[in-house]
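Below: the structure, in structure tokens.
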Amino acid sequence: MCTSLAGHDKGELFIIISQTGEYVSLVNGASRPLAKPKRKKKKHIQIIHDEEEWRRRSLIEDGRIRDEHIRGLIRSYKRRGQS
């Protein structure tokens, strides 16, 4: 998971689905679905490590993740941050 530091999406939460060289592919399940990931330089994101990281990673690696799951994971992270 990460937060965008630059661009029109600054401050938005995304899930990293892949990385190649200095770029990552980001999705949020809404404006950036799995079918159309956002390509962004690594220096323009802030990576977030939390206790749910293993769950996200296993869903992505297994190929079982869908846009609904991504939206739910981001919503869950936002709720935990407000507690």
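A note on labels: chains of the structure tokens are A, B, ... as shown, every chain counts residues from 1, and ligands are counted from 1 in their shown order.
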For this session: Could you give me, as a PyMOL selection string, the residues within 7 Å of segment 34-48 of chain A, counting only C-alpha atoms and dropping anything in the same chain fewer than 4 positions from it?
Result: chain A and resi 1-6+22-27+29+67
For the selection just defined, write its residues with N, CA and C atoms to a file, as a short mmCIF file (atom, residue, chain, number, x, y, z; two decimals), in the first residue's frame.
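Saved to result34.cif:
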```
data_model
loop_
_atom_site.label_atom_id
_atom_site.label_comp_id
_atom_site.auth_asym_id
_atom_site.auth_seq_id
_atom_site.Cartn_x
_atom_site.Cartn_y
_atom_site.Cartn_z
N MET A 1 0.85 -1.16 0.00
CA MET A 1 0.00 0.00 0.00
C MET A 1 0.90 1.23 0.00
N CYS A 2 0.40 2.31 -0.57
CA CYS A 2 1.18 3.54 -0.62
C CYS A 2 0.27 4.76 -0.74
N THR A 3 0.88 5.90 -0.51
CA THR A 3 0.23 7.20 -0.70
C THR A 3 0.97 7.92 -1.81
N SER A 4 0.22 8.56 -2.68
CA SER A 4 0.83 9.34 -3.76
C SER A 4 1.35 10.65 -3.19
N LEU A 5 2.59 11.01 -3.54
CA LEU A 5 3.20 12.24 -3.06
C LEU A 5 3.18 13.36 -4.10
N ALA A 6 2.91 13.03 -5.35
CA ALA A 6 2.96 14.02 -6.42
C ALA A 6 1.92 13.72 -7.48
N GLU A 22 12.36 1.56 -11.90
CA GLU A 22 12.03 2.69 -11.02
C GLU A 22 10.54 3.01 -11.00
N TYR A 23 9.72 2.14 -11.62
CA TYR A 23 8.28 2.37 -11.70
C TYR A 23 7.49 1.31 -10.93
N VAL A 24 6.31 1.72 -10.45
CA VAL A 24 5.36 0.79 -9.82
C VAL A 24 4.02 0.94 -10.53
N SER A 25 3.20 -0.10 -10.46
CA SER A 25 1.83 -0.05 -10.99
C SER A 25 0.90 0.00 -9.80
N LEU A 26 0.03 1.01 -9.79
CA LEU A 26 -0.86 1.27 -8.66
C LEU A 26 -2.32 1.13 -9.05
N VAL A 27 -3.12 0.60 -8.13
CA VAL A 27 -4.57 0.51 -8.33
C VAL A 27 -5.27 0.93 -7.04
N GLY A 29 -8.99 0.38 -7.22
CA GLY A 29 -10.27 -0.30 -7.38
C GLY A 29 -11.40 0.57 -7.85
N ASP A 67 -11.24 -5.77 -7.96
CA ASP A 67 -11.40 -4.36 -7.61
C ASP A 67 -12.17 -4.18 -6.30
#
```
For this session: Identify all residues of chain A in strand (DSSP E) (DSSP on the backbone) and supply them as a list in words.
Result: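 Checking each residue of chain A, the strand (DSSP E) ones are Cys2, Thr3, Ser4, Leu13, Phe14, Ile15, Ile16, Ile17, Ser18, Gln19, Thr20, Tyr23, Val24, Ser25, Leu26, Val27, Lys38, Arg39, Lys40, Lys41, Ile45, Gln46 and Ile47 of chain A.
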Exercise. Using only C-alpha atoms, which of the listed residues (A:Ala30, A:Gly81, A:Arg75, A:Ile17) sits closest to Ser58 of chain A?
Worked result: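 Distance minimum relative to Ser58 of chain A lands on A:Ile17.
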Problem set entry | Who sits within 12 Å of segment 50-56 of chain A, only C-alpha atoms, same chain under 6 positions skipped, as a VMD selection string | chain A and resid 1 to 2 14 to 17 62 to 66 69 to 74 76 to 78 80 to 81
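Within segment 6-80 of chain A, residues classed as helix (DSSP H, G or I) by DSSP on backbone coordinates are Lys42, Lys43, His44, Glu53, Trp54, Arg55, Arg56, Arg57, Ser58, Leu59, Ile60, Glu61, Asp62, Asp67, Glu68, His69, Ile70, Arg71, Gly72, Leu73, Ile74, Arg75, Ser76, Tyr77, Lys78, Arg79 and Arg80 of chain A.
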Exercise. Distance atom CA of Gly7 of chain A-atom CA of Thr20 of chain A, one decimal place?
Worked result: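 Atom-to-atom, atom CA of Gly7 of chain A to atom CA of Thr20 of chain A, that is 19.8 Å.
Counting from atom CA of Ser18 of chain A, the distance to atom CA of Ile60 of chain A is 9.1 Å.
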